[in-house]
Structures are given as structure tokens and as C-alpha cells.
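**Q** So here's upload21.cif (mmCIF, N, CA and C atoms).
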```
data_start
loop_
_atom_site.label_atom_id
_atom_site.label_comp_id
_atom_site.auth_asym_id
_atom_site.auth_seq_id
_atom_site.Cartn_x
_atom_site.Cartn_y
_atom_site.Cartn_z
N MET L 1 64.83 165.30 -11.81
CA MET L 1 63.75 164.82 -10.97
C MET L 1 64.28 163.97 -9.82
N VAL L 2 65.40 163.31 -10.05
CA VAL L 2 65.99 162.48 -8.99
C VAL L 2 66.32 163.36 -7.78
N HIS L 3 66.93 164.50 -8.04
CA HIS L 3 67.31 165.40 -6.93
C HIS L 3 66.07 165.92 -6.21
N THR L 4 65.01 166.15 -6.96
CA THR L 4 63.76 166.63 -6.37
C THR L 4 63.20 165.59 -5.40
N THR L 5 63.19 164.35 -5.83
CA THR L 5 62.70 163.26 -4.98
C THR L 5 63.59 163.07 -3.76
N GLU L 6 64.91 163.14 -3.97
CA GLU L 6 65.84 163.01 -2.85
C GLU L 6 65.66 164.14 -1.85
N ARG L 7 65.44 165.34 -2.35
CA ARG L 7 65.24 166.50 -1.47
C ARG L 7 64.01 166.29 -0.59
N ALA L 8 62.94 165.83 -1.19
CA ALA L 8 61.72 165.58 -0.42
C ALA L 8 61.94 164.45 0.59
N ALA L 9 62.69 163.45 0.20
CA ALA L 9 62.93 162.31 1.10
C ALA L 9 63.74 162.72 2.32
N THR L 10 64.67 163.66 2.17
CA THR L 10 65.47 164.09 3.31
C THR L 10 64.61 164.81 4.35
N ARG L 11 63.53 165.43 3.90
CA ARG L 11 62.61 166.08 4.84
C ARG L 11 61.66 165.08 5.46
N GLY L 12 61.46 163.96 4.77
CA GLY L 12 60.53 162.96 5.27
C GLY L 12 59.09 163.42 5.23
N THR L 13 58.77 164.21 4.22
CA THR L 13 57.43 164.81 4.15
C THR L 13 56.55 164.18 3.08
N GLY L 14 56.97 163.07 2.54
CA GLY L 14 56.17 162.44 1.51
C GLY L 14 56.69 162.76 0.13
N PRO L 15 55.80 162.73 -0.85
CA PRO L 15 56.25 162.91 -2.24
C PRO L 15 56.81 164.31 -2.49
N ALA L 16 57.60 164.40 -3.54
CA ALA L 16 58.16 165.69 -3.94
C ALA L 16 57.04 166.65 -4.34
N ARG L 17 57.28 167.91 -4.07
CA ARG L 17 56.31 168.95 -4.39
C ARG L 17 56.96 169.96 -5.32
N GLY L 18 56.17 170.86 -5.81
CA GLY L 18 56.66 171.89 -6.72
C GLY L 18 57.79 172.71 -6.12
N ILE L 19 57.71 172.96 -4.83
CA ILE L 19 58.75 173.75 -4.17
C ILE L 19 60.09 173.01 -4.17
N ASP L 20 60.04 171.67 -4.13
CA ASP L 20 61.27 170.88 -4.22
C ASP L 20 61.89 171.02 -5.61
N LEU L 21 61.04 170.99 -6.62
CA LEU L 21 61.51 171.15 -7.99
C LEU L 21 62.12 172.54 -8.19
N LEU L 22 61.46 173.56 -7.69
CA LEU L 22 61.99 174.92 -7.81
C LEU L 22 63.36 175.03 -7.15
N ALA L 23 63.49 174.50 -5.96
CA ALA L 23 64.77 174.56 -5.24
C ALA L 23 65.88 173.86 -6.02
N CYS L 24 65.56 172.73 -6.62
CA CYS L 24 66.57 172.01 -7.40
C CYS L 24 66.92 172.74 -8.69
N LEU L 25 65.94 173.34 -9.33
CA LEU L 25 66.21 174.07 -10.57
C LEU L 25 67.14 175.26 -10.33
N VAL L 26 66.90 176.00 -9.28
CA VAL L 26 67.72 177.19 -9.04
C VAL L 26 69.06 176.85 -8.38
N ALA L 27 69.21 175.62 -7.91
CA ALA L 27 70.48 175.21 -7.32
C ALA L 27 71.50 174.81 -8.38
N ASP L 28 71.04 174.55 -9.59
CA ASP L 28 71.93 174.15 -10.68
C ASP L 28 72.32 175.38 -11.49
N PRO L 29 73.57 175.83 -11.36
CA PRO L 29 73.98 177.06 -12.03
C PRO L 29 73.88 177.00 -13.56
N GLN L 30 73.80 175.81 -14.12
CA GLN L 30 73.68 175.68 -15.57
C GLN L 30 72.25 175.55 -16.04
N ALA L 31 71.30 175.57 -15.13
CA ALA L 31 69.89 175.43 -15.49
C ALA L 31 69.38 176.70 -16.18
N ARG L 32 68.50 176.50 -17.11
CA ARG L 32 67.89 177.63 -17.82
C ARG L 32 67.15 178.54 -16.83
N ALA L 33 66.57 177.96 -15.81
CA ALA L 33 65.84 178.75 -14.81
C ALA L 33 66.75 179.78 -14.15
N VAL L 34 67.98 179.42 -13.91
CA VAL L 34 68.94 180.34 -13.29
C VAL L 34 69.20 181.52 -14.22
N GLU L 35 69.36 181.23 -15.49
CA GLU L 35 69.58 182.29 -16.48
C GLU L 35 68.38 183.23 -16.57
N VAL L 36 67.20 182.66 -16.62
CA VAL L 36 65.97 183.47 -16.72
C VAL L 36 65.81 184.35 -15.49
N LEU L 37 66.00 183.78 -14.31
CA LEU L 37 65.88 184.57 -13.09
C LEU L 37 66.93 185.67 -13.04
N GLY L 38 68.14 185.36 -13.46
CA GLY L 38 69.21 186.35 -13.48
C GLY L 38 68.89 187.51 -14.40
N ARG L 39 68.35 187.22 -15.56
CA ARG L 39 67.97 188.28 -16.51
C ARG L 39 66.84 189.14 -15.97
N ALA L 40 66.04 188.55 -15.10
CA ALA L 40 64.94 189.30 -14.48
C ALA L 40 65.41 190.06 -13.24
N GLY L 41 66.70 189.91 -12.91
CA GLY L 41 67.25 190.61 -11.76
C GLY L 41 66.97 189.93 -10.43
N ILE L 42 66.67 188.64 -10.48
CA ILE L 42 66.36 187.88 -9.26
C ILE L 42 67.54 186.97 -8.95
N ALA L 43 68.13 187.15 -7.79
CA ALA L 43 69.26 186.33 -7.37
C ALA L 43 68.77 184.96 -6.94
N THR L 44 69.36 183.92 -7.52
CA THR L 44 68.93 182.57 -7.18
C THR L 44 69.18 182.24 -5.71
N GLU L 45 70.20 182.86 -5.13
CA GLU L 45 70.47 182.62 -3.71
C GLU L 45 69.30 183.06 -2.85
N VAL L 46 68.68 184.15 -3.26
CA VAL L 46 67.51 184.67 -2.53
C VAL L 46 66.34 183.70 -2.67
N VAL L 47 66.16 183.17 -3.87
CA VAL L 47 65.08 182.21 -4.10
C VAL L 47 65.28 180.98 -3.22
N VAL L 48 66.49 180.44 -3.22
CA VAL L 48 66.78 179.25 -2.41
C VAL L 48 66.55 179.54 -0.93
N ALA L 49 67.01 180.69 -0.46
CA ALA L 49 66.82 181.05 0.96
C ALA L 49 65.35 181.14 1.31
N ARG L 50 64.56 181.75 0.44
CA ARG L 50 63.12 181.87 0.71
C ARG L 50 62.42 180.53 0.68
N VAL L 51 62.83 179.67 -0.23
CA VAL L 51 62.26 178.32 -0.28
C VAL L 51 62.56 177.59 1.02
N GLU L 52 63.81 177.65 1.45
CA GLU L 52 64.20 176.96 2.68
C GLU L 52 63.44 177.52 3.89
N GLU L 53 63.28 178.85 3.94
CA GLU L 53 62.51 179.46 5.03
C GLU L 53 61.09 178.95 5.04
N ARG L 54 60.48 178.94 3.87
CA ARG L 54 59.08 178.51 3.78
C ARG L 54 58.92 177.05 4.20
N VAL L 55 59.82 176.22 3.73
CA VAL L 55 59.75 174.80 4.07
C VAL L 55 59.94 174.61 5.57
N ALA L 56 60.93 175.29 6.13
CA ALA L 56 61.19 175.16 7.57
C ALA L 56 59.99 175.62 8.39
N ARG L 57 59.41 176.74 8.00
CA ARG L 57 58.22 177.26 8.71
C ARG L 57 57.06 176.30 8.61
N ARG L 58 56.83 175.82 7.42
CA ARG L 58 55.68 174.95 7.20
C ARG L 58 55.79 173.64 7.97
N TRP L 59 56.97 173.02 7.91
CA TRP L 59 57.11 171.70 8.53
C TRP L 59 57.40 171.77 10.01
N SER L 60 57.87 172.91 10.51
CA SER L 60 58.10 173.01 11.95
C SER L 60 56.79 173.22 12.71
N SER L 61 55.76 173.68 12.00
CA SER L 61 54.48 173.91 12.65
C SER L 61 53.63 172.64 12.71
N ARG L 62 54.12 171.57 12.14
CA ARG L 62 53.34 170.30 12.14
C ARG L 62 53.71 169.43 13.29
#
```
When written as C-alpha cells, how does the structure in this file appear?
**A**
Amino acid sequence: MVHTTERAATRGTGPARGIDLLACLVADPQARAVEVLGRAGIATEVVVARVEERVARRWSSR
């Protein structure tokens, strides 16, 4: 949760959101989420890239 809060703080967008938690979970190669996504055939790098795209799009329009 610390990384989630830090991630939100670097954006300066207020409190951490679910998307911050998702990004932190898939960034940790030892996280269970990474294993589950891998078994489902979903590359965590793709998830991280899409999260970053969404965040950039959302906050650049404000």
C-alpha cells in the first residue's frame, strides 16, 4: 500500500486509486497477481503500459 500511495503522490492527483494499486501489484514480479495474469496469458508489461496510457490521458485532459 505504501507504493500505491507514493505512486499517487508522484502524480499529485490526490488519494491513491484502484488503478494505482493495480499498477503496483503487476509491477512486483513476485506478486500473486503477476502469476495469475501470466497463467491467463496476459503479459504484465501490457497491463502496466495500458495503465500508464490511461492515467496520462486522463490527467492530461484536466
**Q** Within 8 Å of stretch 44-46 of chain L, counting all atoms listed in the file, which residues qualify if same-chain residues fewer than 4 places away don't, as a VMD selection string?
**A** chain L and resid 26 to 27 33 to 34 37 to 38 50 to 52
**Q** Using only C-alpha atoms, which residues sit within 10 Å of stretch 6-22 of chain L once same-chain residues fewer than 2 positions away are excluded, as number ranges by chain?
**A** L: 1-4, 24-27, 33, 47-48, 51-52, 54-56, 59
**Q** Taking N, CA and C atoms for each residue, export the selection above as a PDB file, in the frame of the given file.
**A**
```pdb
ATOM      1  N   MET L   1      64.830 165.300 -11.810  1.00  0.00           N
ATOM      2  CA  MET L   1      63.750 164.820 -10.970  1.00  0.00           C
ATOM      3  C   MET L   1      64.280 163.970  -9.820  1.00  0.00           C
ATOM      4  N   VAL L   2      65.400 163.310 -10.050  1.00  0.00           N
ATOM      5  CA  VAL L   2      65.990 162.480  -8.990  1.00  0.00           C
ATOM      6  C   VAL L   2      66.320 163.360  -7.780  1.00  0.00           C
ATOM      7  N   HIS L   3      66.930 164.500  -8.040  1.00  0.00           N
ATOM      8  CA  HIS L   3      67.310 165.400  -6.930  1.00  0.00           C
ATOM      9  C   HIS L   3      66.070 165.920  -6.210  1.00  0.00           C
ATOM     10  N   THR L   4      65.010 166.150  -6.960  1.00  0.00           N
ATOM     11  CA  THR L   4      63.760 166.630  -6.370  1.00  0.00           C
ATOM     12  C   THR L   4      63.200 165.590  -5.400  1.00  0.00           C
ATOM     13  N   CYS L  24      65.560 172.730  -6.620  1.00  0.00           N
ATOM     14  CA  CYS L  24      66.570 172.010  -7.400  1.00  0.00           C
ATOM     15  C   CYS L  24      66.920 172.740  -8.690  1.00  0.00           C
ATOM     16  N   LEU L  25      65.940 173.340  -9.330  1.00  0.00           N
ATOM     17  CA  LEU L  25      66.210 174.070 -10.570  1.00  0.00           C
ATOM     18  C   LEU L  25      67.140 175.260 -10.330  1.00  0.00           C
ATOM     19  N   VAL L  26      66.900 176.000  -9.280  1.00  0.00           N
ATOM     20  CA  VAL L  26      67.720 177.190  -9.040  1.00  0.00           C
ATOM     21  C   VAL L  26      69.060 176.850  -8.380  1.00  0.00           C
ATOM     22  N   ALA L  27      69.210 175.620  -7.910  1.00  0.00           N
ATOM     23  CA  ALA L  27      70.480 175.210  -7.320  1.00  0.00           C
ATOM     24  C   ALA L  27      71.500 174.810  -8.380  1.00  0.00           C
ATOM     25  N   ALA L  33      66.570 177.960 -15.810  1.00  0.00           N
ATOM     26  CA  ALA L  33      65.840 178.750 -14.810  1.00  0.00           C
ATOM     27  C   ALA L  33      66.750 179.780 -14.150  1.00  0.00           C
ATOM     28  N   VAL L  47      66.160 183.170  -3.870  1.00  0.00           N
ATOM     29  CA  VAL L  47      65.080 182.210  -4.100  1.00  0.00           C
ATOM     30  C   VAL L  47      65.280 180.980  -3.220  1.00  0.00           C
ATOM     31  N   VAL L  48      66.490 180.440  -3.220  1.00  0.00           N
ATOM     32  CA  VAL L  48      66.780 179.250  -2.410  1.00  0.00           C
ATOM     33  C   VAL L  48      66.550 179.540  -0.930  1.00  0.00           C
ATOM     34  N   VAL L  51      62.830 179.670  -0.230  1.00  0.00           N
ATOM     35  CA  VAL L  51      62.260 178.320  -0.280  1.00  0.00           C
ATOM     36  C   VAL L  51      62.560 177.590   1.020  1.00  0.00           C
ATOM     37  N   GLU L  52      63.810 177.650   1.450  1.00  0.00           N
ATOM     38  CA  GLU L  52      64.200 176.960   2.680  1.00  0.00           C
ATOM     39  C   GLU L  52      63.440 177.520   3.890  1.00  0.00           C
ATOM     40  N   ARG L  54      60.480 178.940   3.870  1.00  0.00           N
ATOM     41  CA  ARG L  54      59.080 178.510   3.780  1.00  0.00           C
ATOM     42  C   ARG L  54      58.920 177.050   4.200  1.00  0.00           C
ATOM     43  N   VAL L  55      59.820 176.220   3.730  1.00  0.00           N
ATOM     44  CA  VAL L  55      59.750 174.800   4.070  1.00  0.00           C
ATOM     45  C   VAL L  55      59.940 174.610   5.570  1.00  0.00           C
ATOM     46  N   ALA L  56      60.930 175.290   6.130  1.00  0.00           N
ATOM     47  CA  ALA L  56      61.190 175.160   7.570  1.00  0.00           C
ATOM     48  C   ALA L  56      59.990 175.620   8.390  1.00  0.00           C
ATOM     49  N   TRP L  59      56.970 173.020   7.910  1.00  0.00           N
ATOM     50  CA  TRP L  59      57.110 171.700   8.530  1.00  0.00           C
ATOM     51  C   TRP L  59      57.400 171.770  10.010  1.00  0.00           C
TER      52      TRP L  59
END
```
**Q** Taking the DSSP assignment computed from this structure's backbone, write out as a VMD selection string all residues of chain L that belong to helix (DSSP H, G or I).
**A** chain L and resid 2 to 11 18 to 27 32 to 39 44 to 60
**Q** Assuming 5 Å of padding per side, give the centre and edge lengths of the axis-aligned box around every listed atom of stretch 13-24 of chain L, in Å to one decimal and as lines of an AutoDock Vina configuration file.
**A**
```
center_x = 61.4
center_y = 168.7
center_z = -2.2
size_x = 21.1
size_y = 22.6
size_z = 22.9
```
**Q** So what do you get for atom C of L:Arg57 versus atom N of L:Gln30, distance-wise?
**A**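 Going from atom C of L:Arg57 over to atom N of L:Gln30 covers 28.2 Å.
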**Q** Would you mind reading off the distance between atom C of L:Arg39 and atom N of L:Arg58, one decimal, in Å?
**A** 28.7 Å
**Q** Go ahead and compute the interatomic distance for atom CA of L:Ala49 and atom CA of L:Ala23, in Å to one decimal.
**A** 9.2 Å
